[in-house]
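K.L.:
Sharing structure_1.cif (mmCIF, C-alpha atoms and all ligand atoms) below.
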```
data_my_file
#
loop_
_atom_site.label_atom_id
_atom_site.label_comp_id
_atom_site.auth_asym_id
_atom_site.auth_seq_id
_atom_site.Cartn_x
_atom_site.Cartn_y
_atom_site.Cartn_z
CA MET A 1 -6.27 33.74 0.58
CA ALA A 2 -7.71 31.46 3.26
CA LYS A 3 -10.22 28.84 2.07
CA LEU A 4 -10.92 27.42 5.54
CA THR A 5 -11.48 24.00 3.97
CA PHE A 6 -10.19 21.76 1.13
CA ARG A 7 -11.41 19.48 -1.64
CA GLY A 8 -12.48 15.94 -0.69
CA GLY A 9 -12.50 14.61 2.84
CA VAL A 10 -15.09 12.86 4.99
CA HIS A 11 -17.20 13.29 8.11
CA PRO A 12 -16.62 10.15 10.19
CA TYR A 13 -18.29 9.44 13.55
CA ASP A 14 -15.96 11.40 15.80
CA GLY A 15 -16.28 9.49 19.09
CA LYS A 16 -14.95 12.57 20.91
CA ASP A 17 -17.81 12.70 23.42
CA LEU A 18 -16.31 9.69 25.19
CA SER A 19 -13.40 11.71 26.59
CA LYS A 20 -13.72 15.39 25.74
CA ASP A 21 -15.44 16.67 28.85
CA LYS A 22 -13.15 15.09 31.44
CA PRO A 23 -10.15 17.07 32.70
CA ILE A 24 -6.67 15.74 32.00
CA LYS A 25 -5.54 13.38 34.76
CA THR A 26 -1.88 12.99 35.75
CA ILE A 27 -0.61 9.42 36.05
CA VAL A 28 2.13 8.60 38.54
CA PRO A 29 4.21 5.80 37.02
CA LYS A 30 5.27 2.70 38.92
CA GLY A 31 8.00 0.17 38.14
CA GLU A 32 10.10 -0.09 35.03
CA MET A 33 10.33 2.72 32.46
CA VAL A 34 11.43 2.05 28.87
CA TYR A 35 13.05 4.64 26.59
CA PRO A 36 13.52 3.51 22.97
CA LEU A 37 16.52 5.23 21.38
CA SER A 38 14.54 5.75 18.15
CA GLN A 39 11.39 7.70 18.92
CA HIS A 40 11.93 10.33 16.27
CA ILE A 41 12.75 10.53 12.56
CA GLY A 42 16.52 10.47 11.99
CA ALA A 43 19.53 8.86 13.61
CA PRO A 44 18.86 6.92 16.85
CA ALA A 45 19.97 8.63 20.06
CA VAL A 46 23.18 7.38 21.69
CA PRO A 47 23.14 6.35 25.39
CA VAL A 48 25.19 8.47 27.81
CA VAL A 49 24.37 6.24 30.81
CA LYS A 50 25.23 2.62 31.57
CA LYS A 51 23.80 -0.21 33.64
CA GLY A 52 23.82 0.60 37.36
CA ASP A 53 23.92 4.42 36.94
CA LYS A 54 21.62 6.43 39.22
CA VAL A 55 19.57 9.01 37.32
CA LEU A 56 17.23 11.88 38.15
CA ALA A 57 14.07 12.88 36.31
CA GLY A 58 15.05 15.45 33.70
CA GLN A 59 18.57 14.02 33.30
CA LYS A 60 19.80 13.34 29.78
CA ILE A 61 20.20 9.59 29.22
CA ALA A 62 20.85 9.60 25.45
CA GLU A 63 22.50 12.16 23.20
CA ALA A 64 21.25 13.06 19.72
CA GLY A 65 22.92 10.79 17.15
CA GLY A 66 23.27 13.55 14.51
CA PHE A 67 21.71 16.86 13.40
CA VAL A 68 18.47 15.08 12.44
CA SER A 69 18.03 13.29 15.76
CA ALA A 70 16.99 14.16 19.32
CA PRO A 71 18.26 13.50 22.83
CA ILE A 72 16.20 11.52 25.37
CA TYR A 73 15.68 12.32 29.04
CA ALA A 74 14.77 10.21 32.08
CA THR A 75 11.27 11.01 33.27
CA VAL A 76 11.65 9.40 36.72
CA SER A 77 14.49 9.00 39.21
CA GLY A 78 15.98 5.54 39.63
CA THR A 79 18.67 3.20 38.36
CA VAL A 80 19.57 2.13 34.83
CA LYS A 81 18.64 -1.56 34.80
CA THR A 82 19.91 -2.39 31.34
CA ILE A 83 20.12 -1.26 27.69
CA GLU A 84 18.56 -3.82 25.37
CA PRO A 85 16.11 -4.19 22.46
CA ARG A 86 12.47 -3.84 23.46
CA ARG A 87 9.23 -4.04 21.48
CA VAL A 88 7.69 -0.70 20.40
CA VAL A 89 4.22 0.17 19.01
CA THR A 90 5.17 -0.63 15.42
CA GLY A 91 6.03 -4.19 16.50
CA ASP A 92 9.76 -3.62 15.88
CA MET A 93 12.43 -4.35 18.48
CA VAL A 94 14.31 -1.11 19.25
CA ASN A 95 17.36 -0.68 21.45
CA SER A 96 16.08 0.94 24.66
CA ILE A 97 17.31 2.25 28.01
CA ILE A 98 15.42 0.62 30.90
CA ILE A 99 15.18 2.47 34.20
CA ASP A 100 13.97 1.04 37.50
CA ASN A 101 11.77 3.81 38.88
CA ASP A 102 12.57 4.39 42.59
CA GLY A 103 9.23 6.13 43.11
CA LEU A 104 10.89 9.26 44.57
CA PHE A 105 10.62 11.43 41.43
CA GLU A 106 13.73 13.39 42.32
CA GLU A 107 14.36 15.92 39.61
CA VAL A 108 17.25 18.00 38.25
CA ALA A 109 17.10 21.80 38.61
CA TYR A 110 15.92 23.62 35.47
CA THR A 111 16.99 27.08 34.28
CA ALA A 112 14.13 29.33 33.20
CA HIS A 113 14.70 31.97 30.49
CA ASN A 114 13.03 35.13 29.30
CA PRO A 115 12.43 34.30 25.60
CA GLU A 116 12.43 38.02 24.74
CA LYS A 117 16.09 38.23 25.71
CA LEU A 118 17.25 35.17 23.75
CA SER A 119 18.78 35.25 20.28
CA LYS A 120 17.36 33.05 17.51
CA LYS A 121 20.30 30.68 17.87
CA GLU A 122 19.81 30.42 21.63
CA ILE A 123 16.11 29.57 21.11
CA LEU A 124 16.92 26.89 18.53
CA ASP A 125 19.66 25.43 20.74
CA LEU A 126 17.28 25.16 23.69
CA ILE A 127 14.65 23.39 21.54
CA LYS A 128 17.29 21.02 20.17
CA GLU A 129 18.79 20.29 23.58
CA ALA A 130 15.33 19.60 25.07
CA GLY A 131 14.72 16.80 22.56
CA VAL A 132 11.54 18.34 21.13
CA VAL A 133 10.13 16.47 18.13
CA GLY A 134 6.82 16.61 16.24
CA MET A 135 4.41 15.08 18.73
CA GLY A 136 1.48 14.71 16.32
CA GLY A 137 2.92 11.38 15.17
CA ALA A 138 5.72 12.23 12.75
CA GLY A 139 8.51 12.68 15.30
CA PHE A 140 10.53 14.98 13.07
CA PRO A 141 13.06 16.92 15.21
CA THR A 142 11.55 20.37 15.78
CA HIS A 143 14.85 22.31 15.70
CA VAL A 144 15.35 21.03 12.12
CA LYS A 145 11.84 22.03 11.06
CA LEU A 146 12.39 25.47 12.58
CA SER A 147 15.67 25.94 10.67
CA PRO A 148 14.57 26.30 7.02
CA LYS A 149 17.15 27.52 4.50
CA GLU A 150 15.46 30.91 4.12
CA PRO A 151 13.72 31.83 7.38
CA ASP A 152 12.88 35.30 6.03
CA LYS A 153 10.61 33.67 3.43
CA ILE A 154 8.42 32.05 6.09
CA THR A 155 5.24 34.11 6.23
CA TYR A 156 3.00 31.80 8.28
CA VAL A 157 3.57 29.67 11.35
CA ILE A 158 0.49 27.49 11.62
CA ALA A 159 -0.49 25.78 14.86
CA ASN A 160 -2.35 22.63 13.92
CA CYS A 161 -5.17 22.82 16.44
CA ALA A 162 -7.61 21.00 14.14
CA GLU A 163 -7.45 17.61 15.88
CA CYS A 164 -9.53 16.14 13.07
CA GLU A 165 -8.71 12.50 13.85
CA PRO A 166 -11.82 10.86 15.40
CA TYR A 167 -11.78 9.96 19.12
CA LEU A 168 -8.72 12.11 19.92
CA THR A 169 -9.31 14.95 22.37
CA SER A 170 -5.88 15.67 23.89
CA ASP A 171 -5.33 18.90 21.92
CA TYR A 172 -8.87 20.00 22.79
CA ARG A 173 -8.25 19.53 26.52
CA ARG A 174 -4.83 21.21 26.25
CA MET A 175 -6.35 24.25 24.51
CA LEU A 176 -9.01 24.53 27.20
CA GLU A 177 -6.80 23.88 30.20
CA GLU A 178 -3.49 25.50 29.18
CA PRO A 179 -4.19 27.89 26.29
CA GLN A 180 -1.60 30.42 27.40
CA LYS A 181 1.23 27.89 27.00
CA LEU A 182 0.18 27.34 23.39
CA ILE A 183 0.12 31.09 22.74
CA ASP A 184 3.47 31.65 24.48
CA GLY A 185 4.96 28.73 22.53
CA MET A 186 3.72 30.32 19.30
CA LYS A 187 5.26 33.67 20.33
CA ILE A 188 8.62 31.94 20.84
CA ILE A 189 8.47 30.30 17.39
CA LEU A 190 7.49 33.63 15.81
CA ARG A 191 10.69 35.14 17.22
CA LEU A 192 12.53 32.89 14.74
CA PHE A 193 10.61 34.22 11.74
CA ASP A 194 10.59 38.01 11.47
CA ASN A 195 8.15 38.11 8.54
CA ALA A 196 5.66 35.54 9.79
CA GLN A 197 2.14 35.71 11.12
CA GLY A 198 1.01 33.03 13.58
CA ILE A 199 -2.25 31.18 12.89
CA LEU A 200 -3.98 29.06 15.49
CA ALA A 201 -6.07 26.85 13.17
CA VAL A 202 -8.99 25.24 15.03
CA GLU A 203 -11.89 23.22 13.58
CA ASP A 204 -15.28 24.84 14.16
CA ASN A 205 -16.47 21.84 16.20
CA LYS A 206 -14.47 23.36 19.08
CA PRO A 207 -16.17 26.76 19.46
CA ASP A 208 -15.11 27.03 23.10
CA CYS A 209 -11.43 26.81 22.06
CA VAL A 210 -11.92 29.33 19.25
CA GLU A 211 -13.55 31.74 21.69
CA ARG A 212 -10.92 31.32 24.43
CA LEU A 213 -7.94 31.59 22.07
CA THR A 214 -9.47 34.62 20.34
CA GLU A 215 -9.98 36.34 23.69
CA LEU A 216 -6.42 35.60 24.83
CA THR A 217 -4.83 36.80 21.57
CA GLN A 218 -6.83 39.98 21.08
CA ASN A 219 -3.74 42.11 21.83
CA GLU A 220 -1.30 39.89 19.94
CA SER A 221 -0.79 41.64 16.61
CA ARG A 222 1.12 38.70 15.08
CA ILE A 223 -1.31 35.93 16.07
CA MET A 224 -4.74 35.21 14.64
CA VAL A 225 -7.25 32.42 15.24
CA ALA A 226 -8.74 30.69 12.17
CA SER A 227 -11.95 28.72 12.58
CA LEU A 228 -11.85 25.94 9.99
CA LYS A 229 -14.69 23.88 8.60
CA THR A 230 -14.89 20.55 10.43
CA LYS A 231 -13.91 17.84 7.98
CA TYR A 232 -11.42 15.00 8.03
CA PRO A 233 -8.39 15.29 7.27
CA GLN A 234 -8.43 19.02 8.01
CA GLY A 235 -5.30 18.62 10.16
CA ALA A 236 -3.17 16.95 7.44
CA GLU A 237 -0.32 19.31 6.60
CA ARG A 238 -1.24 19.95 2.96
CA GLN A 239 -4.94 20.41 3.67
CA LEU A 240 -4.23 22.70 6.62
CA ILE A 241 -1.89 24.91 4.63
CA TYR A 242 -4.42 25.18 1.81
CA ALA A 243 -7.32 25.89 4.17
CA THR A 244 -5.48 28.62 6.09
CA THR A 245 -3.43 30.29 3.34
CA GLY A 246 -4.77 29.08 -0.02
CA ARG A 247 -1.24 27.83 -0.88
CA GLU A 248 -0.71 24.35 -2.32
CA ILE A 249 2.15 21.90 -1.85
CA ASN A 250 2.74 18.43 -3.28
CA SER A 251 4.71 15.39 -2.14
CA SER A 252 8.01 16.76 -3.43
CA MET A 253 7.65 20.04 -1.51
CA LEU A 254 8.06 21.01 2.11
CA PRO A 255 5.69 23.46 3.86
CA ALA A 256 8.65 25.89 3.92
CA ASP A 257 8.54 25.92 0.09
CA ALA A 258 5.12 27.55 0.46
CA GLY A 259 6.41 29.91 3.16
CA CYS A 260 4.81 27.91 5.98
CA VAL A 261 5.83 26.09 9.13
CA VAL A 262 3.28 23.78 10.72
CA ASP A 263 3.49 22.41 14.27
CA ASN A 264 0.92 20.64 16.38
CA VAL A 265 -0.39 21.78 19.78
CA ASP A 266 1.67 19.50 22.03
CA THR A 267 4.86 20.32 20.09
CA ILE A 268 4.32 24.07 20.50
CA VAL A 269 3.69 23.61 24.22
CA ALA A 270 6.91 21.53 24.40
CA VAL A 271 8.74 24.45 22.75
CA TYR A 272 7.37 26.72 25.49
CA HIS A 273 8.58 24.32 28.23
CA ALA A 274 11.99 23.95 26.58
CA VAL A 275 12.66 27.67 26.09
CA ALA A 276 10.79 29.51 28.86
CA GLU A 277 11.17 26.88 31.60
CA GLY A 278 14.34 25.14 30.42
CA LYS A 279 12.61 21.74 30.72
CA PRO A 280 13.30 18.85 28.36
CA LEU A 281 10.54 16.87 26.69
CA MET A 282 9.43 14.41 29.38
CA ASN A 283 5.63 14.30 29.21
CA ARG A 284 2.78 14.22 26.77
CA ILE A 285 -0.97 13.92 26.80
CA VAL A 286 -2.43 10.62 25.65
CA THR A 287 -6.12 9.96 24.93
CA VAL A 288 -7.14 6.48 26.14
CA THR A 289 -10.55 5.80 24.68
CA GLY A 290 -12.99 3.54 22.80
CA ASP A 291 -16.04 1.56 23.83
CA ALA A 292 -13.92 -1.24 25.28
CA VAL A 293 -12.46 0.83 28.18
CA ASN A 294 -14.31 1.75 31.37
CA ASP A 295 -13.27 5.36 31.82
CA PRO A 296 -12.09 6.96 28.54
CA ARG A 297 -10.18 10.18 29.16
CA ASN A 298 -6.92 12.08 28.64
CA PHE A 299 -3.85 11.44 30.75
CA TYR A 300 -0.76 13.47 31.43
CA VAL A 301 1.82 10.76 30.94
CA ARG A 302 5.55 10.51 31.63
CA ILE A 303 7.26 9.22 28.47
CA GLY A 304 8.52 5.67 29.07
CA MET A 305 5.37 4.39 30.84
CA ASN A 306 3.92 1.04 29.78
CA TYR A 307 0.62 1.02 27.84
CA HIS A 308 -0.81 -1.51 30.34
CA ASP A 309 -0.56 1.20 33.05
CA LEU A 310 -2.53 3.62 30.86
CA ILE A 311 -5.33 1.08 30.40
CA GLU A 312 -5.35 0.43 34.14
CA GLU A 313 -5.69 4.17 34.85
CA ALA A 314 -8.64 4.26 32.41
CA GLY A 315 -10.43 1.73 34.64
CA GLY A 316 -9.32 -1.34 32.67
CA PHE A 317 -11.31 -3.07 29.93
CA LYS A 318 -15.11 -3.05 30.14
CA THR A 319 -15.13 -5.80 27.58
CA GLU A 320 -12.26 -7.70 25.91
CA PRO A 321 -11.13 -5.42 23.02
CA GLU A 322 -11.09 -6.98 19.58
CA LYS A 323 -8.54 -4.45 18.41
CA VAL A 324 -6.33 -1.87 20.12
CA VAL A 325 -5.06 0.94 17.93
CA SER A 326 -2.14 3.24 18.65
CA GLY A 327 -3.42 6.61 17.43
CA GLY A 328 -6.84 7.26 15.94
CA PRO A 329 -9.05 5.01 13.78
CA MET A 330 -8.11 6.75 10.50
CA MET A 331 -4.33 6.96 10.71
CA GLY A 332 -3.38 4.77 13.68
CA PHE A 333 -2.14 1.19 13.50
CA ALA A 334 -3.25 -1.93 15.31
CA LEU A 335 -1.19 -3.18 18.23
CA PHE A 336 -0.59 -6.87 18.73
CA ASP A 337 0.98 -6.40 22.16
CA LEU A 338 0.16 -3.86 24.86
CA ASP A 339 3.50 -4.37 26.54
CA VAL A 340 5.08 -1.33 24.85
CA PRO A 341 6.24 2.05 26.17
CA THR A 342 4.70 5.48 25.66
CA THR A 343 7.00 7.49 23.40
CA LYS A 344 7.23 11.15 22.35
CA THR A 345 4.86 10.48 19.43
CA ALA A 346 2.18 8.35 21.16
CA SER A 347 -1.05 10.34 20.87
CA ALA A 348 -3.77 7.83 21.74
CA LEU A 349 -4.78 4.31 22.61
CA LEU A 350 -8.08 3.35 21.03
CA CYS A 351 -9.73 0.14 22.26
CA LEU A 352 -12.40 -1.16 19.85
CA THR A 353 -15.04 -3.79 20.59
CA LYS A 354 -15.79 -6.91 18.50
CA ASP A 355 -18.90 -5.29 16.96
CA GLU A 356 -16.95 -2.22 15.87
CA VAL A 357 -14.23 -4.34 14.26
CA SER A 358 -16.52 -6.88 12.51
CA ALA A 359 -18.21 -3.96 10.73
CA MET A 360 -14.83 -3.47 8.99
CA GLU A 361 -14.48 -6.89 7.24
CA PRO A 362 -13.52 -6.35 3.52
CA SER A 363 -15.31 -7.66 0.38
CA PRO A 364 -14.65 -7.14 -3.41
CA CYS A 365 -14.71 -3.65 -4.95
CA ILE A 366 -18.04 -2.68 -6.54
CA ASN A 367 -16.56 0.24 -8.51
CA CYS A 368 -18.77 2.80 -6.84
CA GLY A 369 -16.13 5.57 -7.11
CA ARG A 370 -16.67 6.93 -3.62
CA CYS A 371 -12.99 6.58 -2.74
CA VAL A 372 -12.14 8.91 -5.65
CA ASP A 373 -14.73 11.50 -4.60
CA VAL A 374 -13.37 11.91 -1.08
CA CYS A 375 -9.64 11.72 -1.81
CA PRO A 376 -7.99 15.04 -0.88
CA GLY A 377 -4.81 13.85 -2.66
CA ARG A 378 -6.72 13.82 -5.98
CA VAL A 379 -5.65 10.27 -6.84
CA VAL A 380 -7.61 7.08 -7.61
CA PRO A 381 -7.33 5.03 -4.40
CA ARG A 382 -9.02 1.93 -5.87
CA LYS A 383 -6.42 1.74 -8.67
CA LEU A 384 -3.46 2.56 -6.41
CA ALA A 385 -4.47 -0.15 -3.95
CA VAL A 386 -4.54 -2.76 -6.73
CA LEU A 387 -1.12 -1.60 -8.02
CA ALA A 388 0.24 -1.74 -4.47
CA GLU A 389 -1.21 -5.20 -3.94
CA HIS A 390 0.59 -6.37 -7.10
CA GLY A 391 3.83 -4.62 -6.13
CA ASP A 392 3.89 -2.53 -9.33
CA GLU A 393 6.02 0.35 -8.06
CA GLU A 394 6.51 2.03 -11.42
CA ALA A 395 2.80 2.24 -12.21
CA PHE A 396 2.07 3.26 -8.61
CA VAL A 397 4.39 6.28 -8.93
CA ALA A 398 3.11 7.06 -12.46
CA ASN A 399 -0.43 7.17 -11.04
CA ASP A 400 0.64 9.75 -8.42
CA GLY A 401 0.69 7.27 -5.55
CA MET A 402 3.21 9.46 -3.73
CA GLU A 403 0.65 12.32 -3.53
CA CYS A 404 -1.39 10.29 -1.01
CA CYS A 405 -1.24 11.80 2.49
CA GLU A 406 -2.33 8.51 4.09
CA CYS A 407 -5.41 10.17 5.57
CA GLY A 408 -7.60 7.03 5.47
CA CYS A 409 -10.66 8.75 3.88
CA CYS A 410 -10.84 6.19 1.05
CA SER A 411 -10.93 3.20 3.40
CA PHE A 412 -13.47 5.00 5.55
CA VAL A 413 -16.03 5.54 2.76
CA CYS A 414 -15.50 2.26 0.93
CA PRO A 415 -18.76 0.28 1.20
CA ALA A 416 -16.78 -2.92 0.54
CA LYS A 417 -14.49 -2.06 3.48
CA ARG A 418 -11.40 -2.44 1.27
CA GLN A 419 -8.16 -1.77 3.16
CA LEU A 420 -7.14 0.80 0.55
CA THR A 421 -5.03 3.02 2.79
CA GLN A 422 -3.19 0.06 4.24
CA TYR A 423 -2.05 -1.13 0.79
CA ILE A 424 -1.16 2.37 -0.40
CA LYS A 425 0.66 3.23 2.81
CA SER A 426 2.76 0.09 2.68
CA MET A 427 3.74 0.72 -0.96
CA ARG A 428 4.65 4.32 -0.16
CA LYS A 429 6.83 3.14 2.71
CA THR A 430 8.67 0.70 0.42
CA ILE A 431 9.27 3.36 -2.25
CA LEU A 432 10.38 6.00 0.25
CA GLY A 433 12.69 3.47 1.93
CA LYS A 434 14.36 2.71 -1.43
CA LYS A 435 14.71 6.44 -2.19
CA LYS A 436 16.48 7.02 1.15
CA LYS A 437 18.96 4.19 0.51
CA ALA A 438 19.71 5.39 -3.04
S1 LIG B 1 -5.58 7.64 -1.44
FE1 LIG B 1 -4.44 8.55 0.26
S2 LIG B 1 -4.99 10.72 0.23
FE2 LIG B 1 -6.53 9.63 -1.01
S3 LIG B 1 -8.19 9.20 0.47
FE3 LIG B 1 -6.85 7.39 0.41
S4 LIG B 1 -5.42 7.70 2.09
FE4 LIG B 1 -6.39 9.71 1.69
S1 LIG B 2 -14.99 2.98 -2.57
FE1 LIG B 2 -14.43 0.78 -2.39
S2 LIG B 2 -15.98 -0.27 -3.59
FE2 LIG B 2 -16.09 1.90 -4.19
S3 LIG B 2 -14.68 2.08 -5.97
FE3 LIG B 2 -13.48 2.57 -4.16
S4 LIG B 2 -12.55 0.58 -3.60
FE4 LIG B 2 -14.24 0.10 -4.95
#
```
I need this file expressed as structure tokens, please.
P.N.:
Amino acid sequence: MAKLTFRGGVHPYDGKDLSKDKPIKTIVPKGEMVYPLSQHIGAPAVPVVKKGDKVLAGQKIAEAGGFVSAPIYATVSGTVKTIEPRRVVTGDMVNSIIIDNDGLFEEVAYTAHNPEKLSKKEILDLIKEAGVVGMGGAGFPTHVKLSPKEPDKITYVIANCAECEPYLTSDYRRMLEEPQKLIDGMKIILRLFDNAQGILAVEDNKPDCVERLTELTQNESRIMVASLKTKYPQGAERQLIYATTGREINSSMLPADAGCVVDNVDTIVAVYHAVAEGKPLMNRIVTVTGDAVNDPRNFYVRIGMNYHDLIEEAGGFKTEPEKVVSGGPMMGFALFDLDVPTTKTASALLCLTKDEVSAMEPSPCINCGRCVDVCPGRVVPRKLAVLAEHGDEEAFVANDGMECCECGCCSFVCPAKRQLTQYIKSMRKTILGKKKKA
């Protein structure tokens, strides 16, 4: 039974007015393009080009390095300049293919398909070959997510159209400007799951999207639109599943264990491009926003473009930013260098002013309990943060630290501005890393 909301959560300033009413603008890239070989969860991709090779836009330049991996495609025509480690948004150096863009944008020919005539295997192969990964930030290869052990037990395919993260408006613009691609992408995914119903789950702060999607799906018997209560983190996987189906999962379960598959808007549109148009994943929409930029808006970006070019297209800085965040203010992470490429998972570039950042300086905990009240993971963030700070892994796990979904609600409400999520997130990463190696 749908609940349309969840326990806990917060209502942060959403900052969406800065960019939501401007149409998506396409950026034409200039100069060098950088393609990190790891821009997904799983094995890094393996180059199939070498220095000096001429390439076309849409040509495969790196092959998937395993089943849980994804190939990478050139998004411009030009020449392979080199293959070397380059800095990425996380600050890590990642082996990358560098292409000198010749500015001609010559493209390979694509083969369109009628999805109705394709078998399930053919659909999955096209998604895999196109290099589609979760574009909401996770980067998990989509063909793997769409291949659960028991596909007949999947009863809901949920399109995460909540876009609950403050400041981000790329899904909103996509739903307004290209709603049919989202619906057609959902129809393709539903072909993989005979017993599933499709749900387009939109927060009720986007009534225009709810109305448009409802109108366009009125004759689609397998697709419904759910209008969810606006509350952060409504778009987190566990909260979304609970709000739309009433089913609960924990950190040791996958959505498929509750009969659900969840994909975000851009990923579903990428599935449409891959299957119906035969086009690999080459573009994404990025929100460039915040009070420090002159013209906040959404851009249609070719993967591989430098972040400096995105800022330039947004009219440059109005004032020197104190902090630039990749992603939104709740779940994104601060960048220390803008000289990094746009990848498949880059959703936004948020440029904050000095005033906005100084309001976030931490002080000691006053034991007010607000972090506990808002936590959708039903844990005690204050306690977990202290355990994480002291590196006490055993106690962290015993206190359900792994049930945290890293939503950022606790840090947001903390009157002492404690960096609770940051500590918890880093401890979770350490524990998960050790589990993988074991
Ligand atoms: S502890 Fe985790 S789940 Fe709970 S509010 Fe903080 S970040 Fe969100
Ligand atoms: S919200 Fe902040 S100040 Fe209040 S109990 Fe939690 S950590 Fe302490």
K.L.:
My list of candidates is A:Gly15, A:Pro23, A:Pro381, A:Gly401. Which is closest to ligand LIG 2 (chain B) when distances are computed with all atoms listed in the file?
P.N.:
A:Pro381
K.L.:
Got a sec: who's within 6 Å of region 298-306 of chain A, counting only C-alpha atoms, leaving out chain neighbours fewer than 4 positions off, as a PyMOL selection string?
P.N.:
chain A and resi 24-27+33-35+75+282-287+340-343
K.L.:
What's the 12 Å shell around Val288 (chain A), counting all atoms listed in the file, without same-chain residues fewer than 2 positions away, as a PyMOL selection string?
P.N.:
chain A and resi 15-16+18-20+22+24-25+167-170+285-286+290-301+307-317+324-328+342+346-352
K.L.:
Using only C-alpha atoms and all ligand atoms, what table do you get, as JSON lines, when you list each residue of chain A with an atom no more than 7 Å from ligand LIG 1 (chain B), its nearest pair of atoms, and their distance in Å rounded to one decimal, rows by chain then rising number?
P.N.:
```
{"residue": "A:Cys371", "atom": "CA", "partner": "B:LIG1", "partner_atom": "S3", "distance": 6.3}
{"residue": "A:Val374", "atom": "CA", "partner": "B:LIG1", "partner_atom": "S3", "distance": 6.0}
{"residue": "A:Cys375", "atom": "CA", "partner": "B:LIG1", "partner_atom": "S3", "distance": 3.7}
{"residue": "A:Pro376", "atom": "CA", "partner": "B:LIG1", "partner_atom": "S2", "distance": 5.4}
{"residue": "A:Gly377", "atom": "CA", "partner": "B:LIG1", "partner_atom": "S2", "distance": 4.3}
{"residue": "A:Arg378", "atom": "CA", "partner": "B:LIG1", "partner_atom": "FE2", "distance": 6.5}
{"residue": "A:Val379", "atom": "CA", "partner": "B:LIG1", "partner_atom": "FE2", "distance": 5.9}
{"residue": "A:Val380", "atom": "CA", "partner": "B:LIG1", "partner_atom": "S1", "distance": 6.5}
{"residue": "A:Pro381", "atom": "CA", "partner": "B:LIG1", "partner_atom": "S1", "distance": 4.3}
{"residue": "A:Glu403", "atom": "CA", "partner": "B:LIG1", "partner_atom": "S2", "distance": 7.0}
{"residue": "A:Cys404", "atom": "CA", "partner": "B:LIG1", "partner_atom": "FE1", "distance": 3.7}
{"residue": "A:Cys405", "atom": "CA", "partner": "B:LIG1", "partner_atom": "S2", "distance": 4.5}
{"residue": "A:Glu406", "atom": "CA", "partner": "B:LIG1", "partner_atom": "S4", "distance": 3.8}
{"residue": "A:Cys407", "atom": "CA", "partner": "B:LIG1", "partner_atom": "FE4", "distance": 4.0}
{"residue": "A:Gly408", "atom": "CA", "partner": "B:LIG1", "partner_atom": "S4", "distance": 4.1}
{"residue": "A:Cys409", "atom": "CA", "partner": "B:LIG1", "partner_atom": "S3", "distance": 4.2}
{"residue": "A:Cys410", "atom": "CA", "partner": "B:LIG1", "partner_atom": "S3", "distance": 4.1}
{"residue": "A:Ser411", "atom": "CA", "partner": "B:LIG1", "partner_atom": "FE3", "distance": 6.6}
{"residue": "A:Leu420", "atom": "CA", "partner": "B:LIG1", "partner_atom": "FE3", "distance": 6.6}
{"residue": "A:Thr421", "atom": "CA", "partner": "B:LIG1", "partner_atom": "S4", "distance": 4.7}
{"residue": "A:Ile424", "atom": "CA", "partner": "B:LIG1", "partner_atom": "S1", "distance": 7.0}
```
K.L.:
Can you list every residue of chain A that has an atom at most 9 Å from ligand LIG 2 (chain B), with its nearest atom pair and the distance in Å to one decimal, using only C-alpha atoms and all ligand atoms, ordered by chain then number, as JSON lines?
P.N.:
```
{"residue": "A:Ser363", "atom": "CA", "partner": "B:LIG2", "partner_atom": "S2", "distance": 8.4}
{"residue": "A:Pro364", "atom": "CA", "partner": "B:LIG2", "partner_atom": "S2", "distance": 7.0}
{"residue": "A:Cys365", "atom": "CA", "partner": "B:LIG2", "partner_atom": "FE4", "distance": 3.8}
{"residue": "A:Ile366", "atom": "CA", "partner": "B:LIG2", "partner_atom": "S2", "distance": 4.3}
{"residue": "A:Asn367", "atom": "CA", "partner": "B:LIG2", "partner_atom": "S3", "distance": 3.7}
{"residue": "A:Cys368", "atom": "CA", "partner": "B:LIG2", "partner_atom": "FE2", "distance": 3.9}
{"residue": "A:Gly369", "atom": "CA", "partner": "B:LIG2", "partner_atom": "S3", "distance": 3.9}
{"residue": "A:Arg370", "atom": "CA", "partner": "B:LIG2", "partner_atom": "S1", "distance": 4.4}
{"residue": "A:Cys371", "atom": "CA", "partner": "B:LIG2", "partner_atom": "S1", "distance": 4.1}
{"residue": "A:Val372", "atom": "CA", "partner": "B:LIG2", "partner_atom": "FE3", "distance": 6.6}
{"residue": "A:Asp373", "atom": "CA", "partner": "B:LIG2", "partner_atom": "S1", "distance": 8.8}
{"residue": "A:Val380", "atom": "CA", "partner": "B:LIG2", "partner_atom": "FE3", "distance": 8.2}
{"residue": "A:Pro381", "atom": "CA", "partner": "B:LIG2", "partner_atom": "FE3", "distance": 6.6}
{"residue": "A:Arg382", "atom": "CA", "partner": "B:LIG2", "partner_atom": "S4", "distance": 4.4}
{"residue": "A:Lys383", "atom": "CA", "partner": "B:LIG2", "partner_atom": "S4", "distance": 8.0}
{"residue": "A:Ala385", "atom": "CA", "partner": "B:LIG2", "partner_atom": "S4", "distance": 8.1}
{"residue": "A:Cys410", "atom": "CA", "partner": "B:LIG2", "partner_atom": "S1", "distance": 6.4}
{"residue": "A:Ser411", "atom": "CA", "partner": "B:LIG2", "partner_atom": "FE1", "distance": 7.2}
{"residue": "A:Phe412", "atom": "CA", "partner": "B:LIG2", "partner_atom": "S1", "distance": 8.5}
{"residue": "A:Val413", "atom": "CA", "partner": "B:LIG2", "partner_atom": "S1", "distance": 6.0}
{"residue": "A:Cys414", "atom": "CA", "partner": "B:LIG2", "partner_atom": "S1", "distance": 3.6}
{"residue": "A:Pro415", "atom": "CA", "partner": "B:LIG2", "partner_atom": "S2", "distance": 5.6}
{"residue": "A:Ala416", "atom": "CA", "partner": "B:LIG2", "partner_atom": "S2", "distance": 5.0}
{"residue": "A:Lys417", "atom": "CA", "partner": "B:LIG2", "partner_atom": "FE1", "distance": 6.5}
{"residue": "A:Arg418", "atom": "CA", "partner": "B:LIG2", "partner_atom": "FE1", "distance": 5.7}
{"residue": "A:Gln419", "atom": "CA", "partner": "B:LIG2", "partner_atom": "S4", "distance": 8.4}
{"residue": "A:Leu420", "atom": "CA", "partner": "B:LIG2", "partner_atom": "S4", "distance": 6.8}
```
